[in-house]
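K.L.:
Next comes the structure file work17.pdb, holding PDB, C-alpha atoms and all ligand atoms.
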ATOM      1  CA  MET T 123      -6.808  31.071  19.412
ATOM      2  CA  GLY T 124      -3.281  32.261  18.561
ATOM      3  CA  ASP T 125      -2.537  34.516  15.566
ATOM      4  CA  ARG T 126       0.246  32.402  14.119
ATOM      5  CA  LYS T 127      -0.983  29.785  11.646
ATOM      6  CA  ALA T 128      -0.031  26.197  12.464
ATOM      7  CA  ILE T 129       0.910  23.249  10.264
ATOM      8  CA  PHE T 130       1.465  19.629  11.330
ATOM      9  CA  ILE T 131       3.490  17.360   9.044
ATOM     10  CA  THR T 132       3.899  13.599   9.375
ATOM     11  CA  GLY T 133       7.165  12.089   8.239
ATOM     12  CA  GLY T 134       8.664  15.465   9.089
ATOM     13  CA  GLY T 135      11.945  13.897  10.171
ATOM     14  CA  SER T 136      13.278  13.501   6.627
ATOM     15  CA  GLY T 137      13.054  14.335   2.928
ATOM     16  CA  ILE T 138       9.920  16.014   1.629
ATOM     17  CA  GLY T 139       8.374  16.425   5.091
ATOM     18  CA  ARG T 140      11.478  18.249   6.299
ATOM     19  CA  ALA T 141      11.456  20.529   3.250
ATOM     20  CA  ILE T 142       7.799  21.427   3.838
ATOM     21  CA  ALA T 143       8.547  22.093   7.529
ATOM     22  CA  HIS T 144      11.413  24.425   6.621
ATOM     23  CA  LEU T 145       9.363  26.255   4.019
ATOM     24  CA  PHE T 146       6.520  27.005   6.421
ATOM     25  CA  GLY T 147       8.964  27.773   9.246
ATOM     26  CA  GLN T 148      10.613  30.384   7.042
ATOM     27  CA  ARG T 149       7.189  31.880   6.405
ATOM     28  CA  GLY T 150       6.546  32.307  10.108
ATOM     29  CA  TRP T 151       4.126  29.451  10.700
ATOM     30  CA  PHE T 152       4.088  27.361  13.862
ATOM     31  CA  VAL T 153       5.487  24.038  12.639
ATOM     32  CA  GLY T 154       4.772  20.636  14.173
ATOM     33  CA  VAL T 155       6.270  17.372  12.980
ATOM     34  CA  GLY T 156       5.197  13.809  13.752
ATOM     35  CA  ASP T 157       7.457  10.878  12.945
ATOM     36  CA  ILE T 158       8.789   7.615  14.342
ATOM     37  CA  ASP T 159      12.309   9.031  13.867
ATOM     38  CA  THR T 160      12.934  11.313  16.852
ATOM     39  CA  ALA T 161      16.475  12.262  15.858
ATOM     40  CA  GLY T 162      15.302  13.163  12.357
ATOM     41  CA  MET T 163      12.596  15.416  13.781
ATOM     42  CA  GLN T 164      15.100  17.237  16.004
ATOM     43  CA  GLN T 165      17.307  17.820  12.962
ATOM     44  CA  THR T 166      14.331  19.227  11.073
ATOM     45  CA  LEU T 167      13.366  21.611  13.853
ATOM     46  CA  ALA T 168      16.972  22.712  14.379
ATOM     47  CA  GLY T 169      16.821  23.973  10.797
ATOM     48  CA  ILE T 170      13.958  26.312  11.757
ATOM     49  CA  GLY T 171      15.220  27.364  15.167
ATOM     50  CA  ASN T 172      12.745  30.170  15.922
ATOM     51  CA  GLY T 173      11.015  28.587  18.912
ATOM     52  CA  TYR T 174       7.706  28.094  17.126
ATOM     53  CA  THR T 175       8.200  24.402  16.597
ATOM     54  CA  TYR T 176       6.975  21.155  18.072
ATOM     55  CA  ALA T 177       7.893  17.489  17.644
ATOM     56  CA  HIS T 178       5.786  14.508  18.612
ATOM     57  CA  LYS T 179       6.769  10.867  18.249
ATOM     58  CA  LEU T 180       3.928   9.450  16.166
ATOM     59  CA  ASP T 181       3.375   6.201  14.339
ATOM     60  CA  VAL T 182       0.669   7.073  11.800
ATOM     61  CA  ARG T 183      -0.677   3.506  12.056
ATOM     62  CA  ASP T 184      -1.828   4.185  15.620
ATOM     63  CA  ARG T 185      -5.259   5.874  15.494
ATOM     64  CA  ALA T 186      -5.335   6.824  19.190
ATOM     65  CA  ALA T 187      -1.819   8.263  18.993
ATOM     66  CA  TRP T 188      -3.026  10.609  16.250
ATOM     67  CA  ASP T 189      -5.512  12.268  18.624
ATOM     68  CA  THR T 190      -2.872  12.650  21.317
ATOM     69  CA  ALA T 191      -0.378  14.134  18.856
ATOM     70  CA  LEU T 192      -2.769  16.690  17.379
ATOM     71  CA  ASP T 193      -4.164  17.700  20.784
ATOM     72  CA  ALA T 194      -0.647  18.258  22.087
ATOM     73  CA  PHE T 195       0.443  20.154  18.992
ATOM     74  CA  ALA T 196      -2.637  22.389  18.979
ATOM     75  CA  THR T 197      -2.077  23.218  22.641
ATOM     76  CA  ALA T 198       1.530  24.192  21.897
ATOM     77  CA  ALA T 199       0.437  26.224  18.879
ATOM     78  CA  GLY T 200      -2.141  28.355  20.692
ATOM     79  CA  GLY T 201      -5.208  26.188  20.151
ATOM     80  CA  ARG T 202      -5.197  25.975  16.387
ATOM     81  CA  ILE T 203      -4.184  23.779  13.442
ATOM     82  CA  ASP T 204      -4.630  25.225   9.945
ATOM     83  CA  VAL T 205      -2.963  22.583   7.793
ATOM     84  CA  VAL T 206      -2.249  18.888   8.314
ATOM     85  CA  VAL T 207       0.098  17.179   5.879
ATOM     86  CA  ASN T 208      -0.152  13.405   5.570
ATOM     87  CA  ASN T 209       3.350  12.913   4.228
ATOM     88  CA  ALA T 210       4.761   9.846   6.033
ATOM     89  CA  GLY T 211       5.125   6.980   3.612
ATOM     90  CA  ILE T 212       7.339   4.051   2.687
ATOM     91  CA  PRO T 213       8.272   2.483  -0.643
ATOM     92  CA  LEU T 214       7.701  -1.153  -1.537
ATOM     93  CA  GLY T 215       9.325  -2.545  -4.638
ATOM     94  CA  GLY T 216       9.530  -5.991  -6.183
ATOM     95  CA  SER T 217       6.956  -8.026  -8.033
ATOM     96  CA  LEU T 218       3.717  -8.680  -6.180
ATOM     97  CA  SER T 219       4.392 -12.405  -5.968
ATOM     98  CA  ASP T 220       7.646 -11.666  -4.146
ATOM     99  CA  ASN T 221       6.069  -9.284  -1.623
ATOM    100  CA  SER T 222       5.341 -10.956   1.719
ATOM    101  CA  THR T 223       1.982 -10.443   3.427
ATOM    102  CA  GLU T 224       3.855  -8.546   6.159
ATOM    103  CA  GLU T 225       5.357  -6.153   3.600
ATOM    104  CA  ILE T 226       2.010  -5.647   1.879
ATOM    105  CA  ASP T 227       0.214  -4.974   5.172
ATOM    106  CA  ARG T 228       2.913  -2.574   6.372
ATOM    107  CA  CYS T 229       2.846  -0.548   3.151
ATOM    108  CA  ILE T 230      -0.959  -0.316   3.159
ATOM    109  CA  ASP T 231      -1.071   0.441   6.885
ATOM    110  CA  ILE T 232       1.399   3.340   6.689
ATOM    111  CA  ASN T 233       0.675   4.786   3.242
ATOM    112  CA  LEU T 234      -3.103   4.418   3.145
ATOM    113  CA  LYS T 235      -4.585   3.686   6.553
ATOM    114  CA  GLY T 236      -2.228   6.226   8.129
ATOM    115  CA  VAL T 237      -3.641   8.880   5.794
ATOM    116  CA  LEU T 238      -7.248   7.961   6.622
ATOM    117  CA  TYR T 239      -6.519   7.991  10.359
ATOM    118  CA  GLY T 240      -4.805  11.352   9.961
ATOM    119  CA  ALA T 241      -7.821  12.756   8.150
ATOM    120  CA  GLN T 242     -10.171  11.550  10.912
ATOM    121  CA  ALA T 243      -8.019  13.043  13.647
ATOM    122  CA  ALA T 244      -7.448  16.305  11.760
ATOM    123  CA  LEU T 245     -11.096  17.058  11.023
ATOM    124  CA  PRO T 246     -12.146  18.665  14.334
ATOM    125  CA  TRP T 247      -9.058  20.912  14.296
ATOM    126  CA  LEU T 248      -9.447  21.924  10.657
ATOM    127  CA  GLN T 249     -13.118  22.701  11.296
ATOM    128  CA  LYS T 250     -12.022  25.131  13.979
ATOM    129  CA  THR T 251      -9.848  27.149  11.573
ATOM    130  CA  ALA T 252     -12.147  26.826   8.522
ATOM    131  CA  PRO T 253     -12.743  28.373   6.083
ATOM    132  CA  GLY T 254      -9.308  28.164   4.578
ATOM    133  CA  SER T 255      -7.936  25.186   6.460
ATOM    134  CA  CYS T 256      -6.476  22.319   4.481
ATOM    135  CA  LEU T 257      -5.535  18.657   4.528
ATOM    136  CA  LEU T 258      -2.660  17.878   2.170
ATOM    137  CA  ASN T 259      -1.962  14.251   1.306
ATOM    138  CA  ILE T 260       1.346  13.385  -0.332
ATOM    139  CA  ALA T 261       0.544  10.761  -2.954
ATOM    140  CA  SER T 262       2.910  10.111  -5.873
ATOM    141  CA  ALA T 263       3.197  10.007  -9.638
ATOM    142  CA  ALA T 264       2.807   6.264  -8.957
ATOM    143  CA  GLY T 265      -0.710   7.160  -7.830
ATOM    144  CA  ILE T 266      -1.494   8.574 -11.276
ATOM    145  CA  TYR T 267       0.113   5.835 -13.359
ATOM    146  CA  GLY T 268       0.480   2.265 -12.220
ATOM    147  CA  THR T 269       4.182   1.698 -11.678
ATOM    148  CA  SER T 270       5.619  -1.613 -12.820
ATOM    149  CA  GLY T 271       7.518  -3.280  -9.995
ATOM    150  CA  ALA T 272       5.594  -1.382  -7.337
ATOM    151  CA  SER T 273       2.000  -2.572  -7.464
ATOM    152  CA  VAL T 274       1.367  -2.313  -3.723
ATOM    153  CA  TYR T 275       2.924   1.143  -3.469
ATOM    154  CA  SER T 276       0.930   2.292  -6.521
ATOM    155  CA  ALA T 277      -2.266   0.878  -5.036
ATOM    156  CA  THR T 278      -1.740   2.824  -1.822
ATOM    157  CA  LYS T 279      -1.075   6.064  -3.698
ATOM    158  CA  PHE T 280      -4.119   5.611  -5.957
ATOM    159  CA  GLY T 281      -6.021   5.069  -2.709
ATOM    160  CA  VAL T 282      -4.660   8.290  -1.246
ATOM    161  CA  ARG T 283      -5.842  10.197  -4.307
ATOM    162  CA  GLY T 284      -9.268   8.567  -4.099
ATOM    163  CA  ALA T 285      -9.646   9.435  -0.431
ATOM    164  CA  THR T 286      -8.483  12.975  -1.174
ATOM    165  CA  GLU T 287     -11.125  13.554  -3.835
ATOM    166  CA  ALA T 288     -13.885  12.018  -1.740
ATOM    167  CA  LEU T 289     -12.962  14.033   1.334
ATOM    168  CA  ASP T 290     -12.591  17.246  -0.651
ATOM    169  CA  ALA T 291     -16.192  16.823  -1.835
ATOM    170  CA  GLU T 292     -17.376  15.815   1.644
ATOM    171  CA  TRP T 293     -15.659  18.646   3.512
ATOM    172  CA  ALA T 294     -16.291  21.404   0.962
ATOM    173  CA  GLU T 295     -19.377  22.608   2.833
ATOM    174  CA  LEU T 296     -17.242  22.857   5.962
ATOM    175  CA  GLY T 297     -14.794  25.190   4.224
ATOM    176  CA  ILE T 298     -11.939  22.690   4.377
ATOM    177  CA  GLY T 299      -9.884  21.963   1.261
ATOM    178  CA  VAL T 300      -8.365  18.535   0.716
ATOM    179  CA  ARG T 301      -5.585  18.185  -1.856
ATOM    180  CA  SER T 302      -3.052  15.613  -2.915
ATOM    181  CA  LEU T 303       0.417  16.243  -4.248
ATOM    182  CA  CYS T 304       1.954  13.722  -6.646
ATOM    183  CA  PRO T 305       5.720  14.199  -6.820
ATOM    184  CA  GLY T 306       7.953  12.497  -9.353
ATOM    185  CA  PHE T 307      11.502  11.524  -8.354
ATOM    186  CA  ILE T 308      12.651  13.550  -5.372
ATOM    187  CA  ASP T 309      16.149  12.983  -4.015
ATOM    188  CA  THR T 310      15.422  11.651  -0.511
ATOM    189  CA  PRO T 311      16.405   8.500   1.419
ATOM    190  CA  LEU T 312      13.203   6.903   0.093
ATOM    191  CA  LEU T 313      14.596   6.708  -3.438
ATOM    192  CA  GLU T 314      17.266   4.278  -2.298
ATOM    193  CA  HIS T 315      14.418   1.819  -1.858
ATOM    194  CA  ALA T 316      12.659   2.621  -5.130
ATOM    195  CA  PRO T 317      11.255  -0.313  -7.112
ATOM    196  CA  ASN T 318      14.362  -0.874  -9.176
ATOM    197  CA  GLN T 319      16.500  -0.861  -6.000
ATOM    198  CA  GLN T 320      19.076   1.502  -7.442
ATOM    199  CA  SER T 321      21.079   4.147  -5.677
ATOM    200  CA  ASN T 322      19.944   7.756  -5.993
ATOM    201  CA  GLU T 323      23.032   8.423  -8.127
ATOM    202  CA  ALA T 324      22.128   5.590 -10.517
ATOM    203  CA  ILE T 325      18.576   6.904 -10.800
ATOM    204  CA  ARG T 326      19.913  10.403 -11.450
ATOM    205  CA  ASP T 327      22.175   9.057 -14.215
ATOM    206  CA  ARG T 328      19.296   7.316 -15.916
ATOM    207  CA  VAL T 329      17.070  10.378 -15.592
ATOM    208  CA  ARG T 330      19.861  12.486 -17.122
ATOM    209  CA  ALA T 331      20.255  10.021 -19.966
ATOM    210  CA  ALA T 332      16.549   9.768 -20.712
ATOM    211  CA  GLY T 333      16.007  13.518 -20.230
ATOM    212  CA  LEU T 334      12.609  14.918 -20.998
ATOM    213  CA  GLU T 335      11.176  11.554 -21.891
ATOM    214  CA  ILE T 336      10.885  10.590 -18.285
ATOM    215  CA  THR T 337      11.078  13.743 -16.219
ATOM    216  CA  PRO T 338       9.905  17.191 -17.263
ATOM    217  CA  VAL T 339      12.534  18.973 -15.166
ATOM    218  CA  GLU T 340      15.314  16.807 -16.630
ATOM    219  CA  ARG T 341      16.652  15.950 -13.214
ATOM    220  CA  VAL T 342      15.810  14.223  -9.975
ATOM    221  CA  ALA T 343      14.281  17.021  -7.928
ATOM    222  CA  GLU T 344      15.711  18.238  -4.629
ATOM    223  CA  ALA T 345      13.013  18.492  -1.963
ATOM    224  CA  ALA T 346      14.608  21.488  -0.227
ATOM    225  CA  TRP T 347      15.225  23.386  -3.456
ATOM    226  CA  GLU T 348      11.739  22.787  -4.783
ATOM    227  CA  ALA T 349      10.160  23.813  -1.498
ATOM    228  CA  VAL T 350      12.117  27.042  -1.109
ATOM    229  CA  HIS T 351      12.180  28.147  -4.727
ATOM    230  CA  GLY T 352       8.840  26.752  -5.795
ATOM    231  CA  ASP T 353       6.293  29.243  -4.515
ATOM    232  CA  LYS T 354       3.649  27.272  -2.600
ATOM    233  CA  LEU T 355       5.371  24.109  -3.769
ATOM    234  CA  HIS T 356       4.277  24.913  -7.287
ATOM    235  CA  THR T 357       7.351  23.321  -8.767
ATOM    236  CA  LEU T 358       6.394  19.991  -7.286
ATOM    237  CA  VAL T 359       2.801  20.425  -8.342
ATOM    238  CA  GLY T 360       3.861  21.711 -11.743
ATOM    239  CA  GLN T 361       6.097  18.741 -12.183
ATOM    240  CA  THR T 362       3.119  16.534 -11.550
ATOM    241  CA  ALA T 363       0.836  18.482 -13.841
ATOM    242  CA  ARG T 364       3.357  18.312 -16.615
ATOM    243  CA  ARG T 365       3.923  14.659 -15.909
ATOM    244  CA  LEU T 366       0.348  14.126 -16.993
ATOM    245  CA  ALA T 367       1.412  15.166 -20.459
ATOM    246  CA  PHE T 368       4.482  12.996 -20.366
ATOM    247  CA  GLY T 369       2.853  10.186 -18.500
ATOM    248  CA  ALA T 370       2.182   7.961 -21.455
ATOM    249  CA  ARG T 371       5.906   7.704 -21.994
ATOM    250  CA  TRP T 372       6.849   7.622 -18.335
ATOM    251  CA  MET T 373       7.325   4.063 -17.228
ATOM    252  CA  PRO T 374       9.756   3.443 -14.367
ATOM    253  CA  GLY T 375      10.846   0.241 -16.055
ATOM    254  CA  ARG T 376      12.409   2.412 -18.755
ATOM    255  CA  VAL T 377      14.135   4.789 -16.363
TER     256      VAL T 377
HETATM  257  P1  LIG C   1      11.762   9.744   3.449
HETATM  258  O1  LIG C   1      12.073   8.307   3.624
HETATM  259  O2  LIG C   1      12.875  10.719   3.289
HETATM  260  O3  LIG C   1      10.836  10.261   4.664
HETATM  261  C1  LIG C   1       9.728   9.545   5.125
HETATM  262  C2  LIG C   1       9.548   9.814   6.612
HETATM  263  O4  LIG C   1       8.380   9.093   7.057
HETATM  264  C3  LIG C   1      10.728   9.321   7.463
HETATM  265  O5  LIG C   1      11.166  10.343   8.338
HETATM  266  C4  LIG C   1      10.146   8.137   8.232
HETATM  267  O6  LIG C   1      10.713   7.966   9.535
HETATM  268  C5  LIG C   1       8.681   8.533   8.322
HETATM  269  N1  LIG C   1       7.825   7.379   8.606
HETATM  270  C6  LIG C   1       7.893   6.128   8.076
HETATM  271  N2  LIG C   1       6.966   5.337   8.629
HETATM  272  C7  LIG C   1       6.297   6.087   9.530
HETATM  273  C8  LIG C   1       5.206   5.826  10.413
HETATM  274  N3  LIG C   1       4.664   4.603  10.512
HETATM  275  N4  LIG C   1       4.744   6.848  11.175
HETATM  276  C9  LIG C   1       5.318   8.066  11.123
HETATM  277  N5  LIG C   1       6.349   8.372  10.298
HETATM  278  C10 LIG C   1       6.829   7.387   9.517
HETATM  279  O7  LIG C   1      10.778   9.808   2.202
HETATM  280  P2  LIG C   1      10.271  11.033   1.287
HETATM  281  O8  LIG C   1      10.827  10.823  -0.052
HETATM  282  O9  LIG C   1      10.461  12.329   1.971
HETATM  283  O10 LIG C   1       8.725  10.646   1.213
HETATM  284  C11 LIG C   1       7.681  11.417   1.769
HETATM  285  C12 LIG C   1       6.396  11.073   1.035
HETATM  286  O11 LIG C   1       6.534  11.419  -0.344
HETATM  287  C13 LIG C   1       6.027   9.591   1.069
HETATM  288  O12 LIG C   1       4.629   9.458   1.261
HETATM  289  C14 LIG C   1       6.430   9.097  -0.303
HETATM  290  O13 LIG C   1       5.681   7.972  -0.713
HETATM  291  C15 LIG C   1       6.134  10.323  -1.141
HETATM  292  N6  LIG C   1       6.869  10.385  -2.422
HETATM  293  C16 LIG C   1       8.232  10.420  -2.488
HETATM  294  C17 LIG C   1       8.858  10.467  -3.726
HETATM  295  C18 LIG C   1      10.350  10.514  -3.900
HETATM  296  O14 LIG C   1      10.843  10.409  -5.028
HETATM  297  N7  LIG C   1      11.121  10.685  -2.839
HETATM  298  C19 LIG C   1       8.080  10.478  -4.908
HETATM  299  C20 LIG C   1       6.701  10.452  -4.790
HETATM  300  C21 LIG C   1       6.095  10.411  -3.542
END
Could the structure of this file be written out as C-alpha cells, please?
P.N.:
Amino acid sequence: MGDRKAIFITGGGSGIGRAIAHLFGQRGWFVGVGDIDTAGMQQTLAGIGNGYTYAHKLDVRDRAAWDTALDAFATAAGGRIDVVVNNAGIPLGGSLSDNSTEEIDRCIDINLKGVLYGAQAALPWLQKTAPGSCLLNIASAAGIYGTSGASVYSATKFGVRGATEALDAEWAELGIGVRSLCPGFIDTPLLEHAPNQQSNEAIRDRVRAAGLEITPVERVAEAAWEAVHGDKLHTLVGQTARRLAFGARWMPGRV
C-alpha cells in the first residue's frame, strides 16, 4: 500500500467538490474525482497539477460503475483509499405538486441513492485503511431544517444525514468514521437553481440585506475560500453549527 493518503470525491468537477479536491491536493494527498462532467474534472485536476490525481467518469446512480471507479482509483493511488466524499448532488425547487415524477426520481436517485451506493462501494476500501478512514457525505442546511419550496431536496438531505448517523454507528467497530457536512449558501453553479430560482447575485443581495438573521457569516460563502482558509473545512462546519442557533429564524422563503 502506498504512503500517500488518497481521497475520492464525487461531483469533483465543480463547486464544493472542486474546492475539497484542491484543498487535499495542496496537502499532498492523492486526489481522485468522479463526475459526469469530464471537462469539469479536468479543470479541477489542472488546478492541482502535481501528478497525483485521477479522474473517472462516474454517474453515482450506477451501482456497478461505483465499483469500477473505486477499483481503478485505488489502483492508481497505490492500493488505498482513505476518504470517500459523497458530494455529487442536484437541487430541485418548486412546490411538490409542480415537481414531475421524473424530477422527483432523479433528485432522490442522485442525492440519496447515489450516497448509499457510494457507501456500499467504499466500505471494503475504507476497511483496508481503517482505523482513521472516513466517509464524508455532503448534506445541506436543508437537511437540518425543512426548506419551503424544496421538499424533495430537503427529504434527500435529511435522508443523507440519517444514513450517515446509522452508518457511523454501524462502522464504528471497524474504525471507520462517517460524517455529514451541512453547508449553507455556497456560491456555486448549483445556487442558480436554488428553490427561489434567483441568480447567485440576487441571493447574495438578499443575504447582505438580511445579514445575520439568515446567515451567520453575513455573506454567501465561497467554496474555494472556505476550503483553503477553513482548517479542515471548519468554516463550513462552523457555519452549520452556528446555523443551528440561527435556524429558527432561517427560512429560505424569507431570504
Ligand atoms: P455544483 O453544481 O457546483 O456541483 C455538483 C457536481 O455534481 C457537478 O460537477 C455535477 O456534474 C455533478 N453531478 C451531478 N449529477 C451527478 C451524477 N449523477 N453523478 C456524478 N456527478 C454528478 O454544486 P455544489 O454547490 O458544489 O454542490 C455539491 C454538493 O453540496 C451537493 O450535494 C449539494 O446538494 C450540496 N450543497 C450545496 C450548497 C450550495 O449552496 N451550493 C448548499 C448545501 C449543500
K.L.:
To verify the selection step, state as a PyMOL selection string which residues the PyMOL selection byres (((chain T and resi 143-157) around 6) and not hetatm) yields on this input.
P.N.:
chain T and resi 126-134+140-142+158-159+170+174-180+350
K.L.:
Where's the centre, and what are the edge lengths in Å to one decimal, of a box along x, y and z enclosing all listed atoms of stretch 159-162 of chain T padded 6 Å per side, as AutoDock Vina command-line options?
P.N.:
--center_x 14.4 --center_y 11.1 --center_z 14.6 --size_x 16.2 --size_y 16.1 --size_z 16.5
K.L.:
Show me, as a Markdown table, the residues of chain T having an atom within 7 Å of ligand LIG 1 (chain C), each with the closest atom pair and its distance in Å, using only C-alpha atoms and all ligand atoms.
P.N.:
| residue | atom | partner | partner_atom | distance |
| --- | --- | --- | --- | --- |
| T:Thr132 | CA | C:LIG1 | N5 | 5.8 |
| T:Gly133 | CA | C:LIG1 | O4 | 3.4 |
| T:Gly134 | CA | C:LIG1 | O5 | 5.7 |
| T:Gly135 | CA | C:LIG1 | O5 | 4.1 |
| T:Ser136 | CA | C:LIG1 | O5 | 4.2 |
| T:Gly137 | CA | C:LIG1 | O9 | 3.4 |
| T:Ile138 | CA | C:LIG1 | O9 | 3.7 |
| T:Gly139 | CA | C:LIG1 | O9 | 5.6 |
| T:Gly156 | CA | C:LIG1 | C9 | 6.3 |
| T:Asp157 | CA | C:LIG1 | N5 | 3.8 |
| T:Ile158 | CA | C:LIG1 | C9 | 4.8 |
| T:Asp159 | CA | C:LIG1 | O6 | 4.7 |
| T:Gly162 | CA | C:LIG1 | O5 | 6.4 |
| T:Leu180 | CA | C:LIG1 | C9 | 5.4 |
| T:Asp181 | CA | C:LIG1 | N4 | 3.5 |
| T:Val182 | CA | C:LIG1 | N4 | 4.1 |
| T:Arg183 | CA | C:LIG1 | N3 | 5.7 |
| T:Asn209 | CA | C:LIG1 | O12 | 4.7 |
| T:Ala210 | CA | C:LIG1 | O4 | 3.8 |
| T:Gly211 | CA | C:LIG1 | O12 | 3.5 |
| T:Ile212 | CA | C:LIG1 | O13 | 5.4 |
| T:Pro213 | CA | C:LIG1 | O13 | 6.1 |
| T:Ile232 | CA | C:LIG1 | N3 | 5.2 |
| T:Asn233 | CA | C:LIG1 | O12 | 6.4 |
| T:Ile260 | CA | C:LIG1 | O12 | 5.4 |
| T:Ala261 | CA | C:LIG1 | C21 | 5.6 |
| T:Ser262 | CA | C:LIG1 | C20 | 4.0 |
| T:Ala263 | CA | C:LIG1 | C20 | 6.0 |
| T:Cys304 | CA | C:LIG1 | C20 | 6.1 |
| T:Pro305 | CA | C:LIG1 | C20 | 4.4 |
| T:Gly306 | CA | C:LIG1 | C19 | 4.9 |
| T:Phe307 | CA | C:LIG1 | O14 | 3.6 |
| T:Ile308 | CA | C:LIG1 | O14 | 3.6 |
| T:Asp309 | CA | C:LIG1 | N7 | 5.7 |
| T:Thr310 | CA | C:LIG1 | O2 | 4.7 |
| T:Pro311 | CA | C:LIG1 | O2 | 4.6 |
| T:Leu312 | CA | C:LIG1 | O1 | 4.0 |
| T:Leu313 | CA | C:LIG1 | N7 | 5.3 |
K.L.:
Looking at T:Thr286, T:Ser222, T:Thr190, T:Gln165, which one is nearest to T:Ile298, with distances taken over all atoms listed in the file?
P.N.:
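When distances to T:Ile298 are compared using all atoms listed in the file, the smallest one comes from T:Thr286.
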K.L.:
Pick out the residues sitting within 8 Å of T:Gln249, and hand them over as a ChimeraX atom specification; count all atoms listed in the file, and ignore anything fewer than 3 positions along from it in its own chain.
P.N.:
/T:245-246,252-253,255,296-298
K.L.:
Contacts of T:Val300 at 8 Å or less, counting all atoms listed in the file, minus same-chain residues fewer than 4 places along, as a PyMOL selection string?
P.N.:
chain T and resi 256-259+286-287+289-290+293
K.L.:
With C-alpha atoms retained, write the just-selected residues as a JSON list (two decimals), keeping the file's coordinate frame.
P.N.:
[["chain", "number", "residue", "atom", "x", "y", "z"],
["T", 256, "CYS", "CA", -6.48, 22.32, 4.48],
["T", 257, "LEU", "CA", -5.54, 18.66, 4.53],
["T", 258, "LEU", "CA", -2.66, 17.88, 2.17],
["T", 259, "ASN", "CA", -1.96, 14.25, 1.31],
["T", 286, "THR", "CA", -8.48, 12.98, -1.17],
["T", 287, "GLU", "CA", -11.12, 13.55, -3.84],
["T", 289, "LEU", "CA", -12.96, 14.03, 1.33],
["T", 290, "ASP", "CA", -12.59, 17.25, -0.65],
["T", 293, "TRP", "CA", -15.66, 18.65, 3.51]]
K.L.:
Which is closest to T:Trp188 among T:Ile203, T:Ala241, T:Ala294, T:Ala343, if we use all atoms listed in the file?
P.N.:
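The closest residue to T:Trp188 is T:Ala241.
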